[in-house]
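Shown here: coords-v5.cif, mmCIF, N, CA and C atoms.
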data_entry
loop_
_atom_site.label_atom_id
_atom_site.label_comp_id
_atom_site.auth_asym_id
_atom_site.auth_seq_id
_atom_site.Cartn_x
_atom_site.Cartn_y
_atom_site.Cartn_z
N MET A 145 -9.20 -1.64 -10.88
CA MET A 145 -8.29 -1.09 -9.89
C MET A 145 -9.08 -0.57 -8.70
N GLU A 146 -8.40 -0.57 -7.57
CA GLU A 146 -8.99 -0.05 -6.34
C GLU A 146 -7.88 0.58 -5.50
N THR A 147 -8.26 1.26 -4.44
CA THR A 147 -7.24 1.80 -3.56
C THR A 147 -6.77 0.71 -2.61
N LEU A 148 -5.59 0.90 -2.08
CA LEU A 148 -5.06 -0.05 -1.11
C LEU A 148 -5.97 -0.12 0.11
N LEU A 149 -6.60 0.98 0.45
CA LEU A 149 -7.52 1.01 1.59
C LEU A 149 -8.69 0.06 1.38
N ASN A 150 -9.14 -0.11 0.15
CA ASN A 150 -10.29 -0.97 -0.14
C ASN A 150 -9.92 -2.43 -0.39
N ALA A 151 -8.64 -2.72 -0.57
CA ALA A 151 -8.21 -4.10 -0.83
C ALA A 151 -8.37 -4.93 0.45
N LYS A 152 -8.58 -6.22 0.28
CA LYS A 152 -8.87 -7.11 1.40
C LYS A 152 -7.59 -7.62 2.07
N GLN A 153 -7.68 -7.79 3.38
CA GLN A 153 -6.59 -8.36 4.16
C GLN A 153 -6.24 -9.75 3.63
N GLY A 154 -4.95 -10.06 3.58
CA GLY A 154 -4.49 -11.36 3.12
C GLY A 154 -4.23 -11.44 1.63
N LYS A 155 -4.67 -10.44 0.88
CA LYS A 155 -4.50 -10.44 -0.58
C LYS A 155 -3.12 -9.91 -0.97
N GLU A 156 -2.63 -10.41 -2.09
CA GLU A 156 -1.43 -9.86 -2.70
C GLU A 156 -1.88 -8.94 -3.82
N VAL A 157 -1.34 -7.73 -3.83
CA VAL A 157 -1.71 -6.74 -4.84
C VAL A 157 -0.45 -6.14 -5.45
N GLU A 158 -0.63 -5.53 -6.61
CA GLU A 158 0.46 -4.84 -7.28
C GLU A 158 0.18 -3.34 -7.27
N ILE A 159 1.19 -2.56 -6.94
CA ILE A 159 1.05 -1.10 -6.93
C ILE A 159 0.97 -0.61 -8.38
N VAL A 160 -0.07 0.19 -8.67
CA VAL A 160 -0.27 0.71 -10.02
C VAL A 160 0.13 2.17 -10.11
N SER A 161 -0.36 3.01 -9.19
CA SER A 161 -0.03 4.43 -9.23
C SER A 161 -0.38 5.08 -7.89
N PHE A 162 -0.03 6.37 -7.79
CA PHE A 162 -0.26 7.13 -6.56
C PHE A 162 -1.07 8.39 -6.88
N ASN A 163 -1.93 8.78 -5.97
CA ASN A 163 -2.67 10.05 -6.06
C ASN A 163 -2.12 10.99 -5.00
N GLY A 164 -0.93 11.50 -5.23
CA GLY A 164 -0.32 12.39 -4.26
C GLY A 164 0.84 13.14 -4.89
N GLY A 165 1.34 14.11 -4.17
CA GLY A 165 2.44 14.93 -4.65
C GLY A 165 3.79 14.24 -4.53
N SER A 166 4.84 14.96 -4.89
CA SER A 166 6.18 14.38 -4.93
C SER A 166 6.68 13.98 -3.54
N ASN A 167 6.34 14.73 -2.50
CA ASN A 167 6.76 14.36 -1.14
C ASN A 167 6.10 13.07 -0.69
N PHE A 168 4.83 12.90 -1.05
CA PHE A 168 4.10 11.67 -0.72
C PHE A 168 4.75 10.47 -1.41
N VAL A 169 5.02 10.62 -2.70
CA VAL A 169 5.63 9.53 -3.48
C VAL A 169 7.03 9.21 -2.95
N LEU A 170 7.81 10.23 -2.61
CA LEU A 170 9.15 10.01 -2.07
C LEU A 170 9.10 9.23 -0.77
N LYS A 171 8.16 9.57 0.09
CA LYS A 171 8.00 8.85 1.36
C LYS A 171 7.70 7.37 1.11
N LEU A 172 6.82 7.09 0.15
CA LEU A 172 6.50 5.70 -0.18
C LEU A 172 7.70 4.97 -0.78
N TYR A 173 8.44 5.64 -1.66
CA TYR A 173 9.63 5.02 -2.25
C TYR A 173 10.63 4.63 -1.17
N LYS A 174 10.78 5.47 -0.16
CA LYS A 174 11.70 5.15 0.95
C LYS A 174 11.26 3.92 1.72
N LEU A 175 9.96 3.62 1.69
CA LEU A 175 9.42 2.42 2.34
C LEU A 175 9.46 1.20 1.42
N GLY A 176 9.91 1.40 0.18
CA GLY A 176 9.96 0.31 -0.78
C GLY A 176 8.68 0.12 -1.57
N ILE A 177 7.75 1.07 -1.44
CA ILE A 177 6.47 0.99 -2.13
C ILE A 177 6.57 1.81 -3.41
N GLN A 178 6.64 1.11 -4.55
CA GLN A 178 6.80 1.74 -5.85
C GLN A 178 5.87 1.08 -6.86
N GLU A 179 5.64 1.75 -7.97
CA GLU A 179 4.83 1.17 -9.03
C GLU A 179 5.43 -0.16 -9.48
N GLY A 180 4.57 -1.16 -9.66
CA GLY A 180 5.01 -2.47 -10.11
C GLY A 180 5.39 -3.43 -9.00
N VAL A 181 5.56 -2.93 -7.78
CA VAL A 181 5.93 -3.79 -6.65
C VAL A 181 4.70 -4.56 -6.17
N LYS A 182 4.90 -5.84 -5.87
CA LYS A 182 3.82 -6.66 -5.33
C LYS A 182 3.96 -6.69 -3.82
N ILE A 183 2.85 -6.42 -3.14
CA ILE A 183 2.84 -6.41 -1.68
C ILE A 183 1.69 -7.28 -1.18
N LYS A 184 1.82 -7.72 0.07
CA LYS A 184 0.75 -8.49 0.69
C LYS A 184 0.20 -7.68 1.86
N ILE A 185 -1.12 -7.65 1.97
CA ILE A 185 -1.77 -6.93 3.07
C ILE A 185 -1.84 -7.88 4.26
N LYS A 186 -0.99 -7.64 5.26
CA LYS A 186 -0.90 -8.55 6.40
C LYS A 186 -2.00 -8.32 7.42
N LYS A 187 -2.28 -7.04 7.72
CA LYS A 187 -3.29 -6.73 8.73
C LYS A 187 -3.95 -5.42 8.37
N LYS A 188 -5.28 -5.41 8.47
CA LYS A 188 -6.04 -4.21 8.14
C LYS A 188 -7.25 -4.15 9.05
N ASP A 189 -7.24 -3.22 9.99
CA ASP A 189 -8.37 -2.99 10.89
C ASP A 189 -9.05 -1.68 10.49
N LYS A 190 -10.16 -1.39 11.15
CA LYS A 190 -10.87 -0.14 10.84
C LYS A 190 -10.23 1.07 11.50
N ILE A 191 -9.36 0.85 12.49
CA ILE A 191 -8.78 1.96 13.23
C ILE A 191 -7.26 2.05 13.05
N CYS A 192 -6.58 0.94 13.16
CA CYS A 192 -5.11 0.90 13.19
C CYS A 192 -4.50 1.12 11.81
N PRO A 193 -3.18 1.41 11.79
CA PRO A 193 -2.49 1.47 10.50
C PRO A 193 -2.56 0.12 9.79
N ILE A 194 -2.34 0.13 8.50
CA ILE A 194 -2.35 -1.08 7.69
C ILE A 194 -0.94 -1.64 7.66
N LEU A 195 -0.81 -2.93 7.94
CA LEU A 195 0.49 -3.59 7.90
C LEU A 195 0.65 -4.31 6.56
N LEU A 196 1.78 -4.05 5.92
CA LEU A 196 2.05 -4.61 4.60
C LEU A 196 3.35 -5.41 4.64
N ASP A 197 3.42 -6.44 3.81
CA ASP A 197 4.68 -7.14 3.56
C ASP A 197 5.22 -6.60 2.25
N VAL A 198 6.33 -5.86 2.33
CA VAL A 198 6.94 -5.25 1.16
C VAL A 198 8.35 -5.84 1.01
N ASN A 199 8.53 -6.70 0.04
CA ASN A 199 9.83 -7.33 -0.21
C ASN A 199 10.40 -7.99 1.05
N GLY A 200 9.56 -8.66 1.81
CA GLY A 200 10.00 -9.38 3.00
C GLY A 200 10.07 -8.55 4.27
N SER A 201 9.79 -7.27 4.19
CA SER A 201 9.79 -6.39 5.37
C SER A 201 8.36 -5.97 5.69
N THR A 202 8.08 -5.84 6.98
CA THR A 202 6.76 -5.35 7.41
C THR A 202 6.79 -3.83 7.47
N VAL A 203 5.83 -3.21 6.80
CA VAL A 203 5.73 -1.75 6.72
C VAL A 203 4.33 -1.35 7.17
N ALA A 204 4.23 -0.32 8.00
CA ALA A 204 2.93 0.20 8.45
C ALA A 204 2.68 1.54 7.78
N ILE A 205 1.48 1.69 7.21
CA ILE A 205 1.09 2.98 6.65
C ILE A 205 -0.30 3.34 7.16
N GLY A 206 -0.57 4.62 7.22
CA GLY A 206 -1.86 5.09 7.69
C GLY A 206 -2.95 4.89 6.64
N ARG A 207 -4.17 4.97 7.10
CA ARG A 207 -5.32 4.77 6.22
C ARG A 207 -5.42 5.89 5.17
N GLY A 208 -5.03 7.10 5.53
CA GLY A 208 -5.05 8.20 4.57
C GLY A 208 -4.09 7.97 3.42
N MET A 209 -2.89 7.48 3.75
CA MET A 209 -1.92 7.15 2.70
C MET A 209 -2.45 6.02 1.83
N ALA A 210 -3.03 5.00 2.46
CA ALA A 210 -3.54 3.85 1.72
C ALA A 210 -4.64 4.25 0.74
N SER A 211 -5.38 5.29 1.09
CA SER A 211 -6.47 5.73 0.20
C SER A 211 -5.95 6.42 -1.06
N LYS A 212 -4.66 6.75 -1.09
CA LYS A 212 -4.06 7.44 -2.24
C LYS A 212 -3.19 6.52 -3.10
N ILE A 213 -3.21 5.22 -2.77
CA ILE A 213 -2.40 4.25 -3.51
C ILE A 213 -3.34 3.35 -4.31
N LEU A 214 -3.19 3.35 -5.63
CA LEU A 214 -4.01 2.50 -6.49
C LEU A 214 -3.31 1.17 -6.73
N VAL A 215 -4.08 0.08 -6.59
CA VAL A 215 -3.53 -1.26 -6.72
C VAL A 215 -4.43 -2.12 -7.61
N LYS A 216 -3.88 -3.24 -8.05
CA LYS A 216 -4.69 -4.25 -8.72
C LYS A 216 -4.32 -5.60 -8.13
N GLU A 217 -5.33 -6.49 -8.06
CA GLU A 217 -5.10 -7.83 -7.52
C GLU A 217 -4.32 -8.66 -8.51
N ASN A 218 -3.50 -9.55 -7.96
CA ASN A 218 -2.74 -10.48 -8.82
C ASN A 218 -3.53 -11.72 -9.06
#

Could you show the structure in this file as structure tokens?
Amino acid sequence: METLLNAKQGKEVEIVSFNGGSNFVLKLYKLGIQEGVKIKIKKKDKICPILLDVNGSTVAIGRGMASKILVKEN
């Protein structure tokens, strides 16, 4: 497992768990990011937010949030 921040652009990964409190998890759930969901990393730069494909929708999250999301490659 690795954090979403460390996963490579273009890869499809599965959400495993979160390292954050209930408000953090609730915010992710509202974006469709939940345990077991498969997402694709569309764009990842060193400065900009990370763009994800979540169930056909593009979602942007900050690098700090991405560092608290544990994923595994499919």

inquiry  = Considering all atoms listed in the file, can you say which of A:Asn199, A:Asn218, A:Ser211, A:Gln153 comes closest to Ile185 of chain A?
reply    = A:Gln153

ask   = Using the chain letters and numbers from the file, which residues does the PyMOL selection byres (((chain A and resi 209 and name CA) around 10) and name CA) grab, as a PyMOL selection string?
value = chain A and resi 147-149+162-164+168+172+193-194+205-208+210-213

For the selection you just gave me, I'd like the residues written to a file as a tab-separated table (two decimals), in the coordinates of the input, keeping N, CA and C atoms.
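Final file, result-v5.tsv:
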chain	number	residue	atom	x	y	z
A	147	THR	N	-8.26	1.26	-4.44
A	147	THR	CA	-7.24	1.80	-3.56
A	147	THR	C	-6.77	0.71	-2.61
A	148	LEU	N	-5.59	0.90	-2.08
A	148	LEU	CA	-5.06	-0.05	-1.11
A	148	LEU	C	-5.97	-0.12	0.11
A	149	LEU	N	-6.60	0.98	0.45
A	149	LEU	CA	-7.52	1.01	1.59
A	149	LEU	C	-8.69	0.06	1.38
A	162	PHE	N	-0.03	6.37	-7.79
A	162	PHE	CA	-0.26	7.13	-6.56
A	162	PHE	C	-1.07	8.39	-6.88
A	163	ASN	N	-1.93	8.78	-5.97
A	163	ASN	CA	-2.67	10.05	-6.06
A	163	ASN	C	-2.12	10.99	-5.00
A	164	GLY	N	-0.93	11.50	-5.23
A	164	GLY	CA	-0.32	12.39	-4.26
A	164	GLY	C	0.84	13.14	-4.89
A	168	PHE	N	4.83	12.90	-1.05
A	168	PHE	CA	4.10	11.67	-0.72
A	168	PHE	C	4.75	10.47	-1.41
A	172	LEU	N	6.82	7.09	0.15
A	172	LEU	CA	6.50	5.70	-0.18
A	172	LEU	C	7.70	4.97	-0.78
A	193	PRO	N	-3.18	1.41	11.79
A	193	PRO	CA	-2.49	1.47	10.50
A	193	PRO	C	-2.56	0.12	9.79
A	194	ILE	N	-2.34	0.13	8.50
A	194	ILE	CA	-2.35	-1.08	7.69
A	194	ILE	C	-0.94	-1.64	7.66
A	205	ILE	N	1.48	1.69	7.21
A	205	ILE	CA	1.09	2.98	6.65
A	205	ILE	C	-0.30	3.34	7.16
A	206	GLY	N	-0.57	4.62	7.22
A	206	GLY	CA	-1.86	5.09	7.69
A	206	GLY	C	-2.95	4.89	6.64
A	207	ARG	N	-4.17	4.97	7.10
A	207	ARG	CA	-5.32	4.77	6.22
A	207	ARG	C	-5.42	5.89	5.17
A	208	GLY	N	-5.03	7.10	5.53
A	208	GLY	CA	-5.05	8.20	4.57
A	208	GLY	C	-4.09	7.97	3.42
A	210	ALA	N	-3.03	5.00	2.46
A	210	ALA	CA	-3.54	3.85	1.72
A	210	ALA	C	-4.64	4.25	0.74
A	211	SER	N	-5.38	5.29	1.09
A	211	SER	CA	-6.47	5.73	0.20
A	211	SER	C	-5.95	6.42	-1.06
A	212	LYS	N	-4.66	6.75	-1.09
A	212	LYS	CA	-4.06	7.44	-2.24
A	212	LYS	C	-3.19	6.52	-3.10
A	213	ILE	N	-3.21	5.22	-2.77
A	213	ILE	CA	-2.40	4.25	-3.51
A	213	ILE	C	-3.34	3.35	-4.31

query = Which one of A:Lys174, A:Lys184, A:Lys190, A:Lys216 sits closest to Ile159 of chain A if you count only C-alpha atoms?
reply = A:Lys216

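Take atom CA of Asp189 of chain A and atom CA of Glu146 of chain A: the distance between them is 17.5 Å.
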
request  = Pick out the closest residue to Leu175 of chain A from this set: A:Val157, A:Ile191, A:Val203, A:Ala151. Count all atoms listed in the file.
outcome  = A:Val203

task = Give the strand (DSSP E or B) residues of segment 151-202 of chain A, as DSSP finds them on the backbone, and put them as an MDAnalysis selection string.
result = chainID A and resid 156:162 182:187 194:198 201:202

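Here atom CA of Leu196 of chain A stands at a distance of 10.8 Å from atom CA of Gly176 of chain A.
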
inquiry  = List as a list of chain:residue names the protein and nucleic acid residues near Lys186 of chain A, meaning an atom at most 5 Å away when all atoms listed in the file are counted, but skip any in the same chain fewer than 5 places from it.
reply    =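 The residues that qualify are A:Gly154, A:Leu195, A:Leu196, A:Asp197.
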
inquiry  = Rounded to one decimal, what separation in Å do you get between atom N of Glu156 of chain A and atom CA of Cys192 of chain A?
reply    = 19.2 Å

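Per DSSP on the backbone, helix (DSSP H, G or I) in chain A comprises Leu148, Leu149, Asn150, Ser166, Asn167, Phe168, Val169, Leu170, Lys171, Leu172, Tyr173, Lys174, Arg207, Gly208, Met209 and Ala210 of chain A.
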
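Shown here are all protein and nucleic acid residues lying within 5 Å of (3.9, -6.2, -6.6), with all atoms listed in the file considered: A:Val157, A:Glu158, A:Ile159, A:Gly180, A:Val181, A:Lys182, A:Ile183.
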
request  = Would you mind telling me which residue in A:Lys188, A:Glu217, A:Glu179, A:Val198 lies nearest to Val160 of chain A when using all atoms listed in the file?
outcome  = A:Glu179

Taking all atoms of segment 200-218 of chain A that appear in the file, build a box with edges along x, y and z, extend it by 6 Å on every side, and state its centre and edge lengths in Å to one decimal, as AutoDock Vina command-line options.
--center_x 1.8 --center_y -1.8 --center_z -0.3 --size_x 28.5 --size_y 31.9 --size_z 29.5
